[in-house]
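**Student:** Quick one: the structure is below, and I'll ask about it shortly.
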Amino acid sequence: MTHSRTKRRYGRGVAVASVAAAVWLTPFTASAIHFDPQGVLAFEPDAILTESFESFPTGSGIEVVEGDALDGKRYVVLRGSSLDDAAYIPLSADFSQQAYQVRAFVRGEHPWYPIVILQYGVGPGNSLDYITLSPTGRMTSDGWVEIESAPMSVDGKRLPFAVLMVISEEIQLDALEVTPANVAYQPTTSCSKTKPCGVDQVCADGYCRGGNSMVPALPSKTHRNLVVDVLQNKLRIAFGGVETRQQPLQQALAKMEAMRGAESSWQFWSTFTDAIHLLRDSHTTAIGLPSFVGFADRPFPICFVEGDADKSKTGAPSTPPYADVLVSHVGPYGNLGLKPGDRLVSVDGMHPVAWLRSHPQAAWIGYQATDPEVFSGEVESLPRAIPALASTIEVIRCNPSGTCAKPETIDLATLEGQAAGAQPECDHRPAYHLAANNPDPDTHDFDDVRFGLLADSAPGEDLYGMIWNDTDNSSGHQYQWEKAYSEFRTKAKGLILDHRRGDGGTAPGAAYLTELSRPPLTISVWSTIGTLGLFDLPFGEAEGKALFDLWKLDEDRAWKVGSTSPREDMRIAVLLARDVSGSDFFPLGVKGSVNTRLFGRRTLGAFSTFFTLEAQGFYYWSQASGDFVTEDGKTHIAHGVEPDVVLVPKQSDLMVGVDTVYERALAWVRCGKEVCP
């Protein structure tokens, strides 16, 4: 650490980087690193930590290099393009109970995401805090951009340990300092449904967090209306399809008007996040630090599925339009003693899906469907949302003998400090059914394609199965399912494709998956990015048919499915639960074919493409664009694919280890009936 005042070899001017950077500029404090007229840098005199990297060690993702540094002769080059390999710089300082700011300069051509992670060693309160850094609007003549955090209150009595994590393919960093902030220290306070946090705070895992420190800076008053105009126009020009450009888009644009009067960065960006959520589109989601805060303090290794609580409706009636929420699978410990077939009746007194949809932080956490009548995304989000946002849950415990207990309320505050069990992947699959090479039944964690004979295949039946989670073929290499499909073509007499967690991918990948089901067919056309006026009303089936005829020969817009060598002699069952994007496309491509039947839940209806936009700091959002149009002139965005057999897991089956959806599909593949003789 050093307070070096080494004179630069040439002067350095400081200016606003650009209009784009300037619009975010509302400095948090008057303190800042100084440059004299000759370009000599001076850290703040009251800084509790300064770092010029003159004697800093090279480490993982950190290279110390000599060059045109801001202070001295050296700076660091940071490399690490994901959370798994990000670069970490310790902020080893003597913190007291005070508010602080972190400040530095960065330079480079690649995107960068700087995050301060503050971890406490002792005492009551939250164990982790996250703080992002945003550009201040100052840039030197040789390209160094100043970034700083909002004031962060640090409790020095709780043995805090702080690091600066930077995610970037490559970014240069220099002149790092931590200084006291010119605002009052805010002690950690508890919060609950009946004890809300203060203005510009977020309640997560039972404690209030500073909202301003987790989002980009507030645009200046001079440019605030311009920023809102730009963001609104991005939606007007390119968002959505026929259904989503009606009420959802108008609601979002109206919500964004409140951003013009925002008085803090949290008010500005949380309002924008709420507006994005109002679009109710699976492809349109805002992500920032509030999407992750609060998930480390309370273990909750429990996965849920939409189901039929056929053994416990007397004690707790169903709540239409939502399905019952049942435990699918759990981690081996830290699971509250819950097991498959147990029921999650309510969260904070509401049906779990209704609770999440109504929660003020749902926009940061909840995963929703484009189809307004599909809720599998919210059910999948519950294991993340409950420990971070809820106070109590109500459960019904059942046993394999077929009986269930009375509803039981669990106070989630009792989870704090418990050893966290490993969180299994929540893939809507209560069990796997291959004879060999199934995914791990405890973790449900896999990212490849599993296939082979079914465990239930009798000698000579030759019933095969495949388990996979996406339709991605973006690498441009061999289709990841090619080996499996080659074996199915030559050996299988029946096939079950378990796609109950469908994360989407590419349209060509989804088309490949239809090749066993039908002869070649142009099943739909779809628009690329940019929909201004194209899908606005009036748009009916006549307009849709005209658009289909116009685009059906366009290689970029026509979606062609099937193959010249389908296996129409073989029954194929497709299992669905939470399927989105390319995983919407695939079942649409096989529905109605003579040999294929869909079992499970309606898909999410995300029939569009999307693109991603970013603000400074750790905040970005994706935006859906376009629609699918079939030959009959119908548009498909916000209309999930309806299974041929609508089916959810039964509580009585889960209690004894039976997979309801798979068993029904197996019977049909075997004999073409719901129950084989």
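Scheme for the structure tokens: letters A, B, ... for chains in order shown; per-chain residue numbers from 1; ligand numbers from 1 in order shown.
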Residues near Trp364 of chain A, anyone? I mean within 8 Å using only C-alpha atoms, not counting same-chain ones fewer than 6 positions away, as a PyMOL selection string.
**Tutor:** chain A and resi 273+286-288+290-291
**Student:** Keeping only C-alpha atoms, take the residues you just selected and write them out as a short mmCIF file (atom, residue, chain, number, x, y, z; two decimals), in the first residue's frame.
**Tutor:**
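As written to disk, again_38.cif reads:
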data_model
loop_
_atom_site.label_atom_id
_atom_site.label_comp_id
_atom_site.auth_asym_id
_atom_site.auth_seq_id
_atom_site.Cartn_x
_atom_site.Cartn_y
_atom_site.Cartn_z
CA THR A 273 -36.64 -3.38 -12.99
CA ALA A 286 -33.37 -7.60 -15.38
CA ILE A 287 -30.37 -8.91 -13.44
CA GLY A 288 -28.38 -7.04 -10.81
CA PRO A 290 -30.29 -7.64 -5.72
CA SER A 291 -30.90 -10.81 -7.76
#
**Student:** Write out as a tab-separated table a residue-level contact list of segment 272-379 of chain A versus segment 426-443 of chain A with cut-off 6 Å: for each qualifying residue the closest pair of atoms and the distance in Å to one decimal, counting only C-alpha atoms, rows sorted by chain and residue number upward.
**Tutor:**
residue	atom	partner	partner_atom	distance
A:Cys303	CA	A:Cys426	CA	5.2
A:Val305	CA	A:His428	CA	5.8
A:Ser328	CA	A:Pro430	CA	5.1
**Student:** Write the residues of the selection above to a file with N, CA and C atoms, as a CSV table (one decimal), in the first residue's frame.
**Tutor:**
chain,number,residue,atom,x,y,z
A,303,CYS,N,-36.4,-28.7,-3.6
A,303,CYS,CA,-37.0,-28.4,-4.9
A,303,CYS,C,-38.5,-28.8,-5.0
A,305,VAL,N,-42.3,-29.0,-7.3
A,305,VAL,CA,-43.0,-29.1,-8.6
A,305,VAL,C,-44.5,-28.7,-8.5
A,328,SER,N,-40.4,-32.1,-4.7
A,328,SER,CA,-40.0,-33.1,-5.8
A,328,SER,C,-38.8,-33.9,-5.3
**Student:** Need to verify the contact set: segment 641-647 of chain A, 6 Å, only C-alpha atoms, exclusion of same-chain residues closer than 5 positions in sequence. Can you return it as an mmCIF file with N, CA and C atoms, in the first residue's frame?
**Tutor:**
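Below is the file that was written, around07.cif:
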data_model
loop_
_atom_site.group_PDB
_atom_site.id
_atom_site.type_symbol
_atom_site.label_atom_id
_atom_site.label_comp_id
_atom_site.auth_asym_id
_atom_site.auth_seq_id
_atom_site.Cartn_x
_atom_site.Cartn_y
_atom_site.Cartn_z
ATOM 1 N N ARG A 597 -46.466 -37.757 -28.824
ATOM 2 C CA ARG A 597 -47.458 -37.205 -27.913
ATOM 3 C C ARG A 597 -46.727 -36.466 -26.788
ATOM 4 N N LEU A 598 -47.284 -35.315 -26.399
ATOM 5 C CA LEU A 598 -46.710 -34.474 -25.342
ATOM 6 C C LEU A 598 -47.432 -34.745 -24.026
ATOM 7 N N PHE A 599 -46.654 -34.914 -22.939
ATOM 8 C CA PHE A 599 -47.202 -35.181 -21.612
ATOM 9 C C PHE A 599 -46.665 -34.141 -20.624
ATOM 10 N N GLY A 600 -47.536 -33.602 -19.766
ATOM 11 C CA GLY A 600 -47.074 -32.723 -18.703
ATOM 12 C C GLY A 600 -47.775 -31.384 -18.675
ATOM 13 N N ARG A 601 -46.968 -30.310 -18.581
ATOM 14 C CA ARG A 601 -47.481 -28.962 -18.411
ATOM 15 C C ARG A 601 -47.262 -28.127 -19.666
ATOM 16 N N ARG A 602 -48.075 -27.098 -19.816
ATOM 17 C CA ARG A 602 -47.934 -26.169 -20.933
ATOM 18 C C ARG A 602 -46.590 -25.457 -20.857
ATOM 19 N N THR A 603 -46.002 -25.200 -22.026
ATOM 20 C CA THR A 603 -44.719 -24.505 -22.065
ATOM 21 C C THR A 603 -44.922 -23.012 -21.791
#
**Student:** Rank A:Pro248, A:Pro459, A:Gly67, A:Gly640 by their smallest atom-to-atom distance to Phe375 of chain A, using only C-alpha atoms, and report the top residue only.
**Tutor:**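 For Phe375 of chain A, the nearest of the candidates is A:Gly640.
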**Student:** As an MDAnalysis selection string, please: the residues near Asn225 of chain A (cut-off 10 Å, only C-alpha atoms, same-chain neighbours under 2 positions excluded).
**Tutor:** chainID A and resid 23 219:223 227:231 257 259:261
**Student:** Create the file for the chosen residues now, containing C-alpha atoms and written as an mmCIF file, in the first residue's frame.
**Tutor:**
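Wrote it out as again.cif, contents follow:
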data_model
loop_
_atom_site.group_PDB
_atom_site.id
_atom_site.type_symbol
_atom_site.label_atom_id
_atom_site.label_comp_id
_atom_site.auth_asym_id
_atom_site.auth_seq_id
_atom_site.Cartn_x
_atom_site.Cartn_y
_atom_site.Cartn_z
ATOM 1 C CA VAL A 23 -25.808 10.570 -18.217
ATOM 2 C CA PRO A 219 -28.436 9.684 -13.924
ATOM 3 C CA SER A 220 -27.914 13.380 -13.450
ATOM 4 C CA LYS A 221 -30.945 15.671 -13.489
ATOM 5 C CA THR A 222 -29.721 17.151 -16.746
ATOM 6 C CA HIS A 223 -29.834 13.797 -18.518
ATOM 7 C CA VAL A 227 -32.116 8.231 -20.259
ATOM 8 C CA VAL A 228 -35.763 7.372 -19.632
ATOM 9 C CA ASP A 229 -36.655 8.344 -23.215
ATOM 10 C CA VAL A 230 -33.898 6.098 -24.587
ATOM 11 C CA LEU A 231 -34.944 3.130 -22.459
ATOM 12 C CA GLU A 257 -42.567 7.520 -16.149
ATOM 13 C CA MET A 259 -38.191 7.137 -13.105
ATOM 14 C CA ARG A 260 -38.147 10.775 -14.158
ATOM 15 C CA GLY A 261 -38.784 11.895 -10.586
#
